[in-house]
>>> print(open('entry_1.cif').read())   # mmCIF, C-alpha atoms
data_run
#
loop_
_atom_site.label_atom_id
_atom_site.label_comp_id
_atom_site.auth_asym_id
_atom_site.auth_seq_id
_atom_site.Cartn_x
_atom_site.Cartn_y
_atom_site.Cartn_z
CA MET A 1 0.00 0.00 0.00
CA PRO A 2 1.15 3.58 -0.55
CA GLY A 3 3.21 4.90 2.34
CA LYS A 4 4.56 1.56 3.56
CA ASN A 5 7.92 1.96 5.35
CA PHE A 6 9.65 3.98 2.66
CA PRO A 7 12.90 5.70 3.66
CA SER A 8 12.66 9.42 4.16
CA VAL A 9 14.06 11.43 1.25
CA THR A 10 14.88 14.90 2.54
CA PRO A 11 16.69 17.43 0.31
CA SER A 12 19.91 18.71 1.87
CA PRO A 13 22.34 21.55 1.03
CA ALA A 14 24.91 18.91 0.03
CA THR A 15 22.48 17.32 -2.40
CA ALA A 16 21.66 20.70 -3.93
CA GLU A 17 25.36 21.58 -4.27
CA VAL A 18 26.25 18.33 -6.02
CA THR A 19 23.23 18.55 -8.31
CA ASP A 20 23.91 22.19 -9.25
CA ALA A 21 27.51 21.35 -10.08
CA ALA A 22 26.56 18.38 -12.25
CA VAL A 23 23.80 20.24 -14.10
CA GLY A 24 26.04 23.27 -14.55
CA THR A 25 28.81 21.17 -16.06
CA LEU A 26 26.38 19.47 -18.43
CA ALA A 27 24.76 22.76 -19.46
CA ARG A 28 28.12 24.42 -20.18
CA ARG A 29 29.20 21.49 -22.35
CA ILE A 30 26.01 21.81 -24.36
CA VAL A 31 26.60 25.56 -24.71
CA GLN A 32 30.15 25.00 -25.97
CA GLN A 33 28.89 22.59 -28.58
CA MET A 34 26.14 24.97 -29.70
CA LEU A 35 28.49 27.94 -29.93
CA ARG A 36 30.93 25.93 -32.06
CA ASP A 37 28.08 25.25 -34.47
CA PRO A 38 28.52 27.53 -37.53
CA GLY A 39 24.76 28.04 -37.60
CA GLN A 40 24.73 29.61 -34.12
CA PRO A 41 25.27 33.36 -33.40
CA ASP A 42 28.74 34.70 -32.67
CA ALA A 43 29.98 33.75 -29.19
CA ALA A 44 30.88 37.34 -28.35
CA GLY A 45 28.92 39.59 -26.01
CA ALA A 46 25.85 38.19 -24.30
CA ALA A 47 25.59 35.13 -26.55
CA PRO A 48 27.22 32.64 -24.12
CA ALA A 49 25.04 33.73 -21.20
CA LEU A 50 21.86 33.73 -23.29
CA THR A 51 22.69 30.34 -24.74
CA LEU A 52 23.33 28.97 -21.25
CA LEU A 53 19.98 30.37 -20.13
CA HIS A 54 18.27 28.69 -23.07
CA VAL A 55 19.96 25.38 -22.30
CA LEU A 56 19.01 25.57 -18.62
CA VAL A 57 15.37 26.10 -19.57
CA GLN A 58 15.53 22.96 -21.69
CA VAL A 59 17.22 21.11 -18.83
CA GLN A 60 14.40 22.22 -16.54
CA ARG A 61 11.78 20.90 -18.94
CA SER A 62 13.66 17.63 -19.26
CA ALA A 63 13.83 17.39 -15.48
CA GLU A 64 10.07 17.89 -15.24
CA ARG A 65 9.48 15.06 -17.71
CA LEU A 66 11.90 12.84 -15.81
CA GLN A 67 10.19 13.79 -12.53
CA ARG A 68 6.88 12.61 -13.91
CA SER A 69 8.45 9.32 -15.00
CA ALA A 70 10.12 8.83 -11.61
CA ALA A 71 6.86 9.64 -9.80
CA GLU A 72 5.05 7.00 -11.87
CA GLN A 73 7.76 4.45 -11.06
CA ALA A 74 7.51 5.28 -7.35
CA ALA A 75 3.72 4.91 -7.48
CA GLN A 76 4.03 1.54 -9.18
CA ALA A 77 6.43 0.46 -6.43
CA GLY A 78 3.82 1.28 -3.79
CA ALA A 79 4.69 4.84 -2.74
CA GLY A 80 1.82 7.24 -2.12
CA TYR A 81 1.49 10.99 -2.49
CA PRO A 82 2.99 11.66 0.99
CA GLN A 83 6.27 9.93 0.08
CA ILE A 84 6.37 11.30 -3.49
CA GLY A 85 5.73 14.81 -2.18
CA GLU A 86 8.46 14.50 0.45
CA ALA A 87 10.97 13.40 -2.18
CA CYS A 88 10.12 16.51 -4.24
CA GLY A 89 10.13 18.93 -1.32
CA LEU A 90 6.35 19.24 -1.61
CA THR A 91 3.45 18.57 0.68
CA ARG A 92 1.20 15.63 -0.08
CA GLN A 93 -1.35 18.07 -1.50
CA GLY A 94 1.33 19.74 -3.62
CA ALA A 95 2.32 16.41 -5.15
CA ARG A 96 -1.30 15.59 -5.88
CA ARG A 97 -1.79 18.97 -7.58
CA ARG A 98 1.35 18.48 -9.71
CA TRP A 99 0.37 14.95 -10.79
CA PRO A 100 -3.39 14.76 -10.21
CA GLU A 101 -3.91 11.55 -12.19
CA LEU A 102 -0.75 9.75 -11.18
CA PHE A 103 -2.52 6.71 -9.78
CA ARG A 104 -5.39 6.73 -12.23
CA HIS A 105 -2.92 5.86 -14.99
CA SER A 106 -0.86 3.52 -12.88
CA PRO A 107 -1.29 -0.25 -12.88
CA GLU A 108 -1.13 0.08 -9.10
CA ALA A 109 -4.19 2.38 -9.04
CA PRO A 110 -6.24 0.13 -6.70
CA THR A 111 -3.64 0.47 -3.92
CA GLU A 112 -4.12 4.24 -3.82
CA GLN A 113 -7.81 3.85 -3.06
CA PRO A 114 -9.03 2.59 0.33
CA MET A 115 -10.14 -1.03 0.24
CA THR A 116 -13.59 -0.41 1.68
CA THR A 117 -17.05 -1.46 0.71
CA ALA A 118 -18.89 1.30 -1.12
CA PRO A 119 -21.73 2.66 1.05
CA THR A 120 -25.30 2.39 -0.15
CA ARG A 121 -25.42 6.19 -0.03
CA ALA A 122 -23.00 9.03 0.45
CA PHE A 123 -22.26 9.94 4.06
CA ASP A 124 -22.99 13.54 5.06
CA VAL A 125 -20.47 15.40 7.20
CA LEU A 126 -20.83 18.89 8.67
CA LEU A 127 -17.42 20.47 9.23
CA VAL A 128 -17.47 23.46 11.57
CA GLU A 129 -14.06 24.99 10.94
CA ASP A 130 -12.91 28.54 10.16
CA ASP A 131 -9.34 27.72 9.11
CA ILE A 132 -9.30 27.42 5.31
CA ALA A 133 -6.13 25.33 5.14
CA ASP A 134 -7.32 22.84 7.76
CA ALA A 135 -10.72 22.61 6.07
CA MET A 136 -9.05 21.72 2.76
CA LEU A 137 -6.94 19.02 4.43
CA ILE A 138 -9.98 17.54 6.15
CA GLU A 139 -12.03 17.58 2.94
CA GLU A 140 -9.27 15.83 1.02
CA ALA A 141 -8.75 13.21 3.71
CA LEU A 142 -12.48 12.47 3.83
CA SER A 143 -12.79 12.31 0.05
CA GLU A 144 -10.32 9.42 -0.02
CA ARG A 145 -12.55 7.39 2.28
CA GLY A 146 -15.34 7.14 -0.31
CA ALA A 147 -18.57 9.00 -0.99
CA ARG A 148 -18.66 11.94 1.41
CA ASN A 149 -20.85 15.02 1.15
CA LEU A 150 -19.06 17.73 3.11
CA VAL A 151 -20.68 20.98 4.17
CA GLN A 152 -18.48 23.56 5.87
CA ALA A 153 -19.65 26.20 8.33
CA THR A 154 -17.11 28.73 9.59
CA ASP A 155 -18.68 29.28 13.02
CA GLY A 156 -21.36 27.98 15.36
CA VAL A 157 -24.03 30.40 14.20
CA ALA A 158 -23.69 29.28 10.58
CA ALA A 159 -23.66 25.64 11.69
CA LEU A 160 -26.92 26.00 13.62
CA GLU A 161 -28.54 27.82 10.72
CA HIS A 162 -27.62 24.91 8.47
CA LEU A 163 -28.75 22.25 10.93
CA ARG A 164 -32.09 23.92 11.58
CA ASP A 165 -32.81 24.63 7.92
CA PRO A 166 -35.63 22.21 6.95
CA ASP A 167 -34.10 21.86 3.48
CA SER A 168 -30.70 20.77 4.82
CA VAL A 169 -29.71 17.11 5.00
CA ARG A 170 -29.13 15.88 8.53
CA PRO A 171 -25.41 15.03 8.85
CA ASP A 172 -24.14 11.63 9.89
CA LEU A 173 -21.21 13.29 11.67
CA ILE A 174 -20.20 16.74 12.88
CA VAL A 175 -16.49 17.57 13.03
CA LEU A 176 -16.04 20.60 15.25
CA ASP A 177 -13.21 23.04 15.88
CA LEU A 178 -13.18 24.94 19.18
CA ASN A 179 -11.80 28.39 18.36
CA MET A 180 -14.07 30.30 15.98
CA PRO A 181 -15.69 33.74 15.77
CA ARG A 182 -19.27 34.58 16.78
CA MET A 183 -20.22 31.24 18.40
CA ASN A 184 -17.20 29.07 19.19
CA GLY A 185 -17.08 25.29 19.29
CA ARG A 186 -17.57 25.05 23.04
CA GLU A 187 -20.78 27.05 22.87
CA LEU A 188 -22.05 25.17 19.84
CA LEU A 189 -21.37 21.79 21.45
CA ARG A 190 -23.48 22.71 24.48
CA VAL A 191 -26.33 23.79 22.21
CA LEU A 192 -26.15 20.64 20.11
CA LYS A 193 -26.15 18.25 23.05
CA THR A 194 -29.11 19.93 24.76
CA ASP A 195 -31.23 20.08 21.59
CA GLU A 196 -33.58 17.09 21.35
CA ASP A 197 -33.50 17.14 17.55
CA LEU A 198 -29.71 17.36 17.22
CA GLN A 199 -28.20 15.67 20.26
CA THR A 200 -27.96 12.21 18.68
CA ILE A 201 -25.66 13.39 15.87
CA PRO A 202 -22.11 12.24 16.71
CA VAL A 203 -19.82 15.22 17.35
CA VAL A 204 -16.04 14.88 17.22
CA VAL A 205 -13.99 17.83 18.42
CA LEU A 206 -10.94 18.26 16.17
CA THR A 207 -8.82 21.14 17.42
CA THR A 208 -5.27 22.35 17.98
CA SER A 209 -5.81 22.61 21.73
CA SER A 210 -4.60 19.82 23.98
CA ALA A 211 -5.34 21.79 27.16
CA PRO A 212 -6.81 19.53 29.87
CA ASP A 213 -9.56 22.05 30.61
CA ASP A 214 -10.68 22.03 26.97
CA VAL A 215 -10.70 18.23 26.87
CA THR A 216 -12.65 17.96 30.14
CA ASP A 217 -15.10 20.67 29.10
CA ALA A 218 -15.77 18.98 25.76
CA TYR A 219 -16.54 15.61 27.32
CA SER A 220 -18.60 17.28 30.04
CA SER A 221 -20.67 18.76 27.23
CA HIS A 222 -21.07 15.22 25.81
CA ALA A 223 -18.70 15.37 22.84
CA ASN A 224 -18.43 11.90 21.37
CA ALA A 225 -14.65 12.21 20.96
CA TYR A 226 -11.86 14.74 21.30
CA VAL A 227 -8.93 14.68 18.84
CA THR A 228 -5.97 17.07 18.87
CA LYS A 229 -4.86 18.10 15.39
CA PRO A 230 -1.43 16.65 14.61
CA VAL A 231 1.16 19.08 13.23
CA ASN A 232 2.50 16.55 10.71
CA LEU A 233 0.39 16.55 7.51
CA GLN A 234 0.39 12.78 7.08
CA GLU A 235 -0.58 12.24 10.73
CA PHE A 236 -3.30 14.89 10.34
CA GLU A 237 -4.76 12.97 7.40
CA GLN A 238 -4.57 9.69 9.30
CA ALA A 239 -6.36 11.23 12.29
CA VAL A 240 -9.22 12.47 10.11
CA GLN A 241 -9.52 9.13 8.35
CA SER A 242 -9.54 7.30 11.69
CA ILE A 243 -12.49 9.45 12.78
CA ASP A 244 -14.21 8.66 9.51
CA THR A 245 -13.50 4.93 9.77
CA PHE A 246 -14.98 4.61 13.24
CA TYR A 247 -18.00 6.93 13.11
CA LEU A 248 -19.08 6.34 9.51
CA GLU A 249 -18.07 2.73 8.89
CA THR A 250 -17.66 0.93 12.23
CA ALA A 251 -20.10 2.46 14.70
CA THR A 252 -23.86 1.94 14.35
CA ARG A 253 -25.35 5.35 13.66
CA PRO A 254 -28.79 6.71 14.58
CA PRO A 255 -31.36 6.35 11.76
CA HIS A 256 -30.83 8.94 9.00
CA SER A 257 -33.86 11.17 8.67
#
>>> encode(input="entry_1.cif", output="structure tokens")
Amino acid sequence: MPGKNFPSVTPSPATAEVTDAAVGTLARRIVQQMLRDPGQPDAAGAAPALTLLHVLVQVQRSAERLQRSAAEQAAQAGAGYPQIGEACGLTRQGARRRWPELFRHSPEAPTEQPMTTAPTRAFDVLLVEDDIADAMLIEEALSERGARNLVQATDGVAALEHLRDPDSVRPDLIVLDLNMPRMNGRELLRVLKTDEDLQTIPVVVLTTSSAPDDVTDAYSSHANAYVTKPVNLQEFEQAVQSIDTFYLETATRPPHS
């Protein structure tokens, strides 16, 4: 499976120095050959520098093509976007944006997708989160679990408006941050768990705070679980998918109305 015990590949100053020297030597050799060509402009003035610039652009394009090939080979060997991104100095999301269909065209495509049974319907998740970056990470992590309809509210007031709208679909799960404007997560949790119509919806607090008072307060307000957001991107994704696995695929949920 992607991500299985691959060695960490972290760029270092030494690696960059060796690579620059090798590419520079190659590029200068190509320039010398081009400038000896009778069909090329005179080597005086800016010609050598401009020719070197032209060659380096071509080297860059070649490197991009070779990167794609190497990424495909890594995917076929079982690496996932986290490992491919790390090798390129990118985040997992950055690697996915650069090669969005890497696994779709790979013979190893099935290993990139979770081996789960497709649900009879899409699960509905309400994410109450005001941090755009975290919301994107959560959405992407959930999307890899299967059919997920995600609705985001940026504070408690917006979340309650959505939940109490008769045209809104009742969520199977609420993922709740604590620190938000207007009505924060603590206040919203107390409202949800004292509302007869909403209190049976599972609520998982997913927040940066690991303060004991916040944890105690959340469980005192009947949160179903409290998860501290990991700093590491891959661990963050795994935490979100663990929440998804338990509450949407393992636990028996209240009837969907």
>>> closest_residue(input="entry_1.cif", among="A:Gln83, A:Thr154, A:Thr228, A:Ser221", to="A:Thr194", atoms="all atoms listed in the file")
A:Ser221
>>> axis_aligned_box(input="entry_1.cif", around="stretch 55-64 of chain A", padding_each_side="6 Å", output="lines of an AutoDock Vina configuration file")
center_x = 15.0
center_y = 21.7
center_z = -18.8
size_x = 21.9
size_y = 20.7
size_z = 19.1
>>> resolve_selection(input="entry_1.cif", expression="the PyMOL selection byres ((chain A and resi 177) around 9)", output="ChimeraX atom specification")
/A:127-130,155,175-176,178-180,184-186,204-208
>>> write_last_selection(input="entry_1.cif", atoms="C-alpha atoms", output="short mmCIF file (atom, residue, chain, number, x, y, z; two decimals), in the coordinates of the input")
data_model
loop_
_atom_site.label_atom_id
_atom_site.label_comp_id
_atom_site.auth_asym_id
_atom_site.auth_seq_id
_atom_site.Cartn_x
_atom_site.Cartn_y
_atom_site.Cartn_z
CA LEU A 127 -17.42 20.47 9.23
CA VAL A 128 -17.47 23.46 11.57
CA GLU A 129 -14.06 24.99 10.94
CA ASP A 130 -12.91 28.54 10.16
CA ASP A 155 -18.68 29.28 13.02
CA VAL A 175 -16.49 17.57 13.03
CA LEU A 176 -16.04 20.60 15.25
CA LEU A 178 -13.18 24.94 19.18
CA ASN A 179 -11.80 28.39 18.36
CA MET A 180 -14.07 30.30 15.98
CA ASN A 184 -17.20 29.07 19.19
CA GLY A 185 -17.08 25.29 19.29
CA ARG A 186 -17.57 25.05 23.04
CA VAL A 204 -16.04 14.88 17.22
CA VAL A 205 -13.99 17.83 18.42
CA LEU A 206 -10.94 18.26 16.17
CA THR A 207 -8.82 21.14 17.42
CA THR A 208 -5.27 22.35 17.98
#
>>> atom_distance(input="entry_1.cif", atom1="atom CA of A:Tyr81", atom2="atom CA of A:Glu235")
13.4 Å
>>> residues_around(input="entry_1.cif", residues="A:His54", least_positions_apart="6", cutoff="12 Å", atoms="all atoms listed in the file", output="list in words")
Ala27, Arg28, Ile30, Val31, Met34, Ala47, Pro48, Gln60 and Arg61 of chain A
>>> write_last_selection(input="entry_1.cif", atoms="C-alpha atoms", output="CSV table (one decimal), in the frame of the given file")
chain,number,residue,atom,x,y,z
A,27,ALA,CA,24.8,22.8,-19.5
A,28,ARG,CA,28.1,24.4,-20.2
A,30,ILE,CA,26.0,21.8,-24.4
A,31,VAL,CA,26.6,25.6,-24.7
A,34,MET,CA,26.1,25.0,-29.7
A,47,ALA,CA,25.6,35.1,-26.6
A,48,PRO,CA,27.2,32.6,-24.1
A,60,GLN,CA,14.4,22.2,-16.5
A,61,ARG,CA,11.8,20.9,-18.9
>>> residues_around(input="entry_1.cif", residues="A:Thr252", least_positions_apart="6", cutoff="12 Å", atoms="only C-alpha atoms", output="list of chain:residue names")
A:Asp172, A:Leu173, A:Thr200, A:Ile201, A:Pro202, A:Thr245, A:Phe246
>>> closest_residue(input="entry_1.cif", among="A:Met183, A:Leu90, A:Ala77, A:Ile174", to="A:Asp244", atoms="only C-alpha atoms")
A:Ile174
>>> resolve_selection(input="entry_1.cif", expression="the PyMOL selection byres ((chain A and resi 137) around 9)", output="short mmCIF file (atom, residue, chain, number, x, y, z; two decimals) with C-alpha atoms, in the coordinates of the input")
data_model
loop_
_atom_site.label_atom_id
_atom_site.label_comp_id
_atom_site.auth_asym_id
_atom_site.auth_seq_id
_atom_site.Cartn_x
_atom_site.Cartn_y
_atom_site.Cartn_z
CA GLN A 93 -1.35 18.07 -1.50
CA ILE A 132 -9.30 27.42 5.31
CA ALA A 133 -6.13 25.33 5.14
CA ASP A 134 -7.32 22.84 7.76
CA ALA A 135 -10.72 22.61 6.07
CA MET A 136 -9.05 21.72 2.76
CA ILE A 138 -9.98 17.54 6.15
CA GLU A 139 -12.03 17.58 2.94
CA GLU A 140 -9.27 15.83 1.02
CA ALA A 141 -8.75 13.21 3.71
CA LEU A 142 -12.48 12.47 3.83
CA LEU A 233 0.39 16.55 7.51
CA PHE A 236 -3.30 14.89 10.34
CA GLU A 237 -4.76 12.97 7.40
CA VAL A 240 -9.22 12.47 10.11
#
>>> closest_residue(input="entry_1.cif", among="A:Gln199, A:Ser209, A:Ala71, A:His162", to="A:His222", atoms="all atoms listed in the file")
A:Gln199
